Amino acid sequence: MTPQIEVENLRKTFRIAEPTHGTLGAIKGLVSRKYRTHNALNGISFSLQKGELVGYIGPNGAGKSTTVKILSGILVPESGRCKVMGLVPWEDRKKYVRKIGVVFGQRTQLWWDLPVMESFELLKNIYSIPSHAFKVRMDEMIHLMEIEPLLGTPVRQLSLGQRMRCDLVASLLHNPEILFLDEPTIGLDALSKQSLRNFVLRINRDNGVTVILTTHDMDDIEALCQRVIVIGGGCILSDGTLTQLRKRVAQEKWMIVELQESVDFPLPEGSRLLRNEGKQYWIEFDPDVLPVTEIISCIASRTTLVDILIQDPPIEEIIAHIYREIPNVSQ
Amino acid sequence: MQYKASFCLLTFGQFLTTGLEFIAVIALFHRFGSIQGWSLSQVALLYGIVGSSFAVADATCRGFDKFSDIVKRGDFDRYLLRPYSTALQVASYEVQLLRIGRLLQAGIVLIWAVWHLNLNIWDIALVGMMLVGTTCTFAGLLILSATLTFYTVNTPEIVNALTYGGVETASFPLSIYPGWLIILFTWVVPLAFSGYYPVKSMIKSGHLNYLSYVMPLGGILFLVLSLVIWSIGEKHYASTGS
């Protein structure tokens, strides 16, 4: 099967004017300006099959939004190849955008002063959605997203969570095959996040919509994504499942123990103490090198164990670990 | 149309300011009789064509005038996500109805001139073509100035000199200006092709030649060219960080 999205060696640089200082600087700036180039993307390649749900993560300024903007036809890359559903986004823009939905968490796609329902009606006209199909789709999504009471409210009066739900519905009205979500959960409360995730999962599973999701929230990733692409400094650092990502970074596991009293105890070779809060201790160890029993016996020789928990390090730690390894190639 | 009284007053204000401008022209003719052989009604014809064309172009292409704001707010991203031509979307950003005041004033001058000069049906058809040509030229200018935003973010003031200066300059017989200005508004910005030259051939030589009918097409060509340049500039759009 040919992939739905094919990206090959995508590059994008931005030219940024060096800031000038003071009045004299401003005048000088009129005559000649110094520019530096920022390599937002340094040759990105990946491909996606129809129906995948992919997390696209990376630190701020890594090139996530740039990639999404290129893939949605907003930006034109310097070089590289990009074929989505057989189309080149920035060349066949008008035809292409009918087949995709885009949500930017930071910026609404709705009309600020119009009631939500009127925004939807406008989109119905813009994408020339047949009345019947529109009604069926609206009913389904209004029910799923529980936005019925919001339909008469002007967009500017909605809370962030409400607005996000409406934005998501708006992006799906024309039945797109691919959905781009750029930080959709940014600034949302736990409940809104959850309802958003459930909705995205359903759209992906039931309607077969391919979803590309950028986020800083690792819970989003854990709840949604089968596959994670990590980008940093304009390059792809890792591409695979969450388990593969964990393995790649570290074999270590975490042991969290609660003791009867807080004491010092010697730790065997191959393990180290991460944190200590009162009677709770976080210990990192490599199960391949060091059996669990050895650590336990070490502690037990000093005091009584009340509770013990062994787990994978949180995904946040893994990601932070990868980010720290990013070479500074952007300059 | 939320504030009717405000709208009426502003429209009337527009009507009055541009009207006063023309009263100054009348006063000038009253004193000197003619300008380089052009009578008041002949100048009025040119003035009326250019004035009403600009009013129409400015009212319909207002979005291009405000385009740098659209880009700075990051709203252009949204335009690119819609399955329509971006130029069309920017044009429909805002329809400036206030220009009705100007249109009314220039229209009255135009009708008066047409009536006073006793134009026949062929002449009036040519006036129609000139209106189209000049409107297209102004629309093209507004589009071109907005295109610069793709490269500089801010629209340089120099382009305003061409649009607003163009209205003032093209409203009067081009021959009264220095040579470089004539070249500028003939060959760089083809305003003279759909204003000055056809009017001149119509009322000066007394008989029309086919060329007069062809010349206003220059304005349409200019608009098409502007739209092509716009679509090239669009590929340089750099968006805003988010």
# chains A, B, ... in the order shown; residues from 1 in each chain; ligands from 1
>>> residues_around(residues="Phe76 of chain B", least_positions_apart="5", cutoff="10 Å", atoms="only C-alpha atoms", output="ChimeraX atom specification")
/A:74 /B:67-71,81,86,89-90,237,239-240
>>> closest_atom_pairs(of="chain A", to="chain B", cutoff="8 Å", atoms="only C-alpha atoms", output="Markdown table")
| residue | atom | partner | partner_atom | distance |
| --- | --- | --- | --- | --- |
| A:Phe14 | CA | B:Ala238 | CA | 7.5 |
| A:Ser65 | CA | B:Ser242 | CA | 7.1 |
| A:Ser72 | CA | B:Leu81 | CA | 7.3 |
| A:Gly73 | CA | B:Leu80 | CA | 7.2 |
| A:Ile74 | CA | B:Leu80 | CA | 5.7 |
| A:Leu75 | CA | B:Ala238 | CA | 6.6 |
| A:Val76 | CA | B:Lys235 | CA | 5.9 |
| A:Arg93 | CA | B:Pro83 | CA | 7.2 |
| A:Lys94 | CA | B:Pro83 | CA | 4.2 |
| A:Lys95 | CA | B:Pro83 | CA | 6.6 |
| A:Tyr96 | CA | B:Pro83 | CA | 7.8 |
| A:Val97 | CA | B:Pro83 | CA | 5.9 |
| A:Arg98 | CA | B:Pro83 | CA | 6.2 |
| A:Val102 | CA | B:Leu81 | CA | 7.9 |
| A:Gln106 | CA | B:Ser242 | CA | 7.0 |
| A:Gln109 | CA | B:Arg78 | CA | 6.5 |
| A:Ile126 | CA | B:Arg82 | CA | 7.5 |
| A:Tyr127 | CA | B:Pro83 | CA | 7.3 |
>>> write_last_selection(atoms="N, CA, C and O atoms", output="short mmCIF file (atom, residue, chain, number, x, y, z; two decimals), in the first residue's frame")
data_model
loop_
_atom_site.label_atom_id
_atom_site.label_comp_id
_atom_site.auth_asym_id
_atom_site.auth_seq_id
_atom_site.Cartn_x
_atom_site.Cartn_y
_atom_site.Cartn_z
N PHE A 14 14.23 30.20 7.79
CA PHE A 14 13.63 31.53 7.89
C PHE A 14 14.75 32.56 7.99
O PHE A 14 15.78 32.29 8.58
N SER A 65 5.47 23.04 14.40
CA SER A 65 4.46 23.85 13.72
C SER A 65 4.83 24.08 12.27
O SER A 65 3.96 24.08 11.40
N SER A 72 0.05 21.35 5.67
CA SER A 72 -1.30 21.83 5.42
C SER A 72 -1.35 22.91 4.34
O SER A 72 -2.37 23.55 4.14
N GLY A 73 -0.22 23.11 3.66
CA GLY A 73 -0.23 23.98 2.49
C GLY A 73 -0.06 25.45 2.80
O GLY A 73 -0.17 26.29 1.91
N ILE A 74 0.23 25.80 4.06
CA ILE A 74 0.39 27.22 4.40
C ILE A 74 1.77 27.73 4.01
O ILE A 74 1.91 28.81 3.46
N LEU A 75 2.78 26.93 4.31
CA LEU A 75 4.15 27.33 4.00
C LEU A 75 4.70 26.51 2.84
O LEU A 75 4.30 25.37 2.63
N VAL A 76 5.64 27.12 2.13
CA VAL A 76 6.32 26.43 1.04
C VAL A 76 7.74 26.13 1.50
O VAL A 76 8.44 27.04 1.94
N ARG A 93 -3.11 23.62 -3.59
CA ARG A 93 -3.70 24.05 -2.31
C ARG A 93 -5.22 23.96 -2.26
O ARG A 93 -5.79 23.35 -1.37
N LYS A 94 -5.90 24.56 -3.26
CA LYS A 94 -7.36 24.65 -3.18
C LYS A 94 -8.02 23.28 -3.16
O LYS A 94 -8.98 23.05 -2.43
N LYS A 95 -7.48 22.38 -3.98
CA LYS A 95 -8.03 21.04 -4.04
C LYS A 95 -7.68 20.28 -2.75
O LYS A 95 -8.48 19.54 -2.20
N TYR A 96 -6.46 20.52 -2.30
CA TYR A 96 -5.92 19.76 -1.17
C TYR A 96 -6.62 20.08 0.14
O TYR A 96 -6.97 19.17 0.90
N VAL A 97 -6.86 21.38 0.40
CA VAL A 97 -7.39 21.74 1.73
C VAL A 97 -8.82 21.25 1.94
O VAL A 97 -9.30 21.22 3.07
N ARG A 98 -9.48 20.85 0.86
CA ARG A 98 -10.82 20.26 1.03
C ARG A 98 -10.74 18.89 1.71
O ARG A 98 -11.72 18.40 2.25
N VAL A 102 -7.65 21.19 9.94
CA VAL A 102 -6.53 21.70 10.72
C VAL A 102 -7.06 22.43 11.95
O VAL A 102 -7.98 23.23 11.85
N GLN A 106 -3.57 27.43 19.41
CA GLN A 106 -3.31 28.81 19.82
C GLN A 106 -4.22 29.81 19.13
O GLN A 106 -4.30 30.95 19.53
N GLN A 109 -10.07 28.99 14.33
CA GLN A 109 -10.39 29.08 12.91
C GLN A 109 -11.81 29.60 12.72
O GLN A 109 -12.30 29.73 11.62
N ILE A 126 -18.65 27.37 2.61
CA ILE A 126 -17.29 27.43 2.09
C ILE A 126 -16.88 26.10 1.46
O ILE A 126 -16.31 26.05 0.39
N TYR A 127 -17.20 25.01 2.14
CA TYR A 127 -16.82 23.70 1.62
C TYR A 127 -17.93 23.06 0.79
O TYR A 127 -17.84 21.88 0.44
#
>>> residues_around(residues="segment 207-218 of chain A", least_positions_apart="6", cutoff="6 Å", atoms="only C-alpha atoms", output="PyMOL selection string")
chain A and resi 50-57+177-183
>>> write_last_selection(atoms="N, CA, C and O atoms", output="mmCIF file, in the first residue's frame")
data_model
loop_
_atom_site.group_PDB
_atom_site.id
_atom_site.type_symbol
_atom_site.label_atom_id
_atom_site.label_comp_id
_atom_site.auth_asym_id
_atom_site.auth_seq_id
_atom_site.Cartn_x
_atom_site.Cartn_y
_atom_site.Cartn_z
ATOM 1 N N LYS A 50 -2.624 5.450 5.817
ATOM 2 C CA LYS A 50 -3.970 5.925 6.137
ATOM 3 C C LYS A 50 -4.435 5.340 7.463
ATOM 4 O O LYS A 50 -4.202 4.181 7.756
ATOM 5 N N GLY A 51 -5.056 6.168 8.296
ATOM 6 C CA GLY A 51 -5.621 5.694 9.545
ATOM 7 C C GLY A 51 -4.659 5.672 10.718
ATOM 8 O O GLY A 51 -5.024 5.255 11.811
ATOM 9 N N GLU A 52 -3.425 6.123 10.518
ATOM 10 C CA GLU A 52 -2.485 6.159 11.638
ATOM 11 C C GLU A 52 -2.804 7.333 12.557
ATOM 12 O O GLU A 52 -3.400 8.327 12.139
ATOM 13 N N LEU A 53 -2.411 7.209 13.801
ATOM 14 C CA LEU A 53 -2.545 8.310 14.754
ATOM 15 C C LEU A 53 -1.152 8.566 15.320
ATOM 16 O O LEU A 53 -0.644 7.768 16.106
ATOM 17 N N VAL A 54 -0.547 9.631 14.863
ATOM 18 C CA VAL A 54 0.862 9.845 15.150
ATOM 19 C C VAL A 54 1.063 11.066 16.027
ATOM 20 O O VAL A 54 0.479 12.127 15.790
ATOM 21 N N GLY A 55 1.874 10.912 17.055
ATOM 22 C CA GLY A 55 2.264 12.037 17.886
ATOM 23 C C GLY A 55 3.535 12.645 17.336
ATOM 24 O O GLY A 55 4.485 11.929 17.012
ATOM 25 N N TYR A 56 3.530 13.959 17.219
ATOM 26 C CA TYR A 56 4.695 14.647 16.664
ATOM 27 C C TYR A 56 5.184 15.580 17.756
ATOM 28 O O TYR A 56 4.550 16.593 18.043
ATOM 29 N N ILE A 57 6.268 15.191 18.416
ATOM 30 C CA ILE A 57 6.665 15.972 19.585
ATOM 31 C C ILE A 57 8.082 16.493 19.458
ATOM 32 O O ILE A 57 8.891 16.003 18.670
ATOM 33 N N GLU A 177 -9.915 13.666 5.295
ATOM 34 C CA GLU A 177 -9.266 12.362 5.434
ATOM 35 C C GLU A 177 -8.109 12.422 6.408
ATOM 36 O O GLU A 177 -7.699 11.406 6.968
ATOM 37 N N ILE A 178 -7.544 13.636 6.561
ATOM 38 C CA ILE A 178 -6.430 13.813 7.484
ATOM 39 C C ILE A 178 -6.755 14.973 8.415
ATOM 40 O O ILE A 178 -7.297 15.985 7.985
ATOM 41 N N LEU A 179 -6.418 14.794 9.679
ATOM 42 C CA LEU A 179 -6.647 15.860 10.650
ATOM 43 C C LEU A 179 -5.312 16.258 11.284
ATOM 44 O O LEU A 179 -4.598 15.419 11.811
ATOM 45 N N PHE A 180 -4.978 17.541 11.179
ATOM 46 C CA PHE A 180 -3.769 18.044 11.824
ATOM 47 C C PHE A 180 -4.163 18.780 13.096
ATOM 48 O O PHE A 180 -4.983 19.687 13.065
ATOM 49 N N LEU A 181 -3.594 18.380 14.210
ATOM 50 C CA LEU A 181 -3.890 19.050 15.474
ATOM 51 C C LEU A 181 -2.596 19.626 16.025
ATOM 52 O O LEU A 181 -1.687 18.889 16.386
ATOM 53 N N ASP A 182 -2.498 20.948 16.058
ATOM 54 C CA ASP A 182 -1.289 21.588 16.561
ATOM 55 C C ASP A 182 -1.546 22.059 17.989
ATOM 56 O O ASP A 182 -2.213 23.051 18.205
ATOM 57 N N GLU A 183 -1.011 21.331 18.937
ATOM 58 C CA GLU A 183 -1.183 21.604 20.358
ATOM 59 C C GLU A 183 -2.645 21.839 20.741
ATOM 60 O O GLU A 183 -3.012 22.910 21.241
#
>>> residues_around(residues="segment 42-48 of chain B", least_positions_apart="3", cutoff="7 Å", atoms="only C-alpha atoms", output="PyMOL selection string")
chain B and resi 38-39+51-52+106-107+109-110+113-114+171-172+195-196+199
>>> atom_distance(atom1="atom CA of Asp206 of chain A", atom2="atom CA of Ser238 of chain A")
28.3 Å
>>> closest_residue(among="A:Cys298, A:Ile315, A:Ile231, A:Ala170", to="Arg246 of chain A", atoms="only C-alpha atoms")
A:Ile315
>>> closest_residue(among="B:Leu9, B:Leu40, B:Val50, B:Leu148", to="Ala24 of chain B", atoms="only C-alpha atoms")
B:Leu40
>>> residues_around(residues="segment 10-17 of chain B", least_positions_apart="4", cutoff="6 Å", atoms="only C-alpha atoms", output="number ranges by chain")
B: 98, 101-102, 105
>>> select_by_dssp(residues="segment 134-252 of chain A", states="strand (DSSP E or B)", output="JSON, numbers by chain")
{"A": [154, 178, 179, 180, 181, 182, 210, 211, 212, 213, 214, 227, 228, 229, 230, 231, 232, 235, 236, 237, 238, 239, 240]}
>>> residues_around(residues="Ile220 of chain B", least_positions_apart="4", cutoff="7 Å", atoms="only C-alpha atoms", output="ChimeraX atom specification")
/B:133,136-137,224
>>> write_last_selection(atoms="C-alpha atoms", output="short mmCIF file (atom, residue, chain, number, x, y, z; two decimals), in the first residue's frame")
data_model
loop_
_atom_site.label_atom_id
_atom_site.label_comp_id
_atom_site.auth_asym_id
_atom_site.auth_seq_id
_atom_site.Cartn_x
_atom_site.Cartn_y
_atom_site.Cartn_z
CA GLY B 133 -9.83 50.01 -17.05
CA CYS B 136 -8.69 47.56 -12.61
CA THR B 137 -5.53 49.65 -12.54
CA VAL B 224 -4.01 40.29 -14.25
#
>>> select_by_dssp(residues="segment 66-248 of chain A", states="alpha helix (DSSP H)", output="NGL selection string")
:A and (66-71 or 93-96 or 116-126 or 131-145 or 160-172 or 190-207 or 218-224 or 242-248)
>>> atom_distance(atom1="atom CA of Asp92 of chain A", atom2="atom CA of Asn125 of chain A")
20.6 Å
>>> residues_around(residues="Leu141 of chain B", least_positions_apart="2", cutoff="9 Å", atoms="only C-alpha atoms", output="PyMOL selection string")
chain B and resi 136-139+143-146+159+162-163+189+222-223+226
>>> atom_distance(atom1="atom CA of Glu121 of chain A", atom2="atom CA of His174 of chain A")
11.5 Å
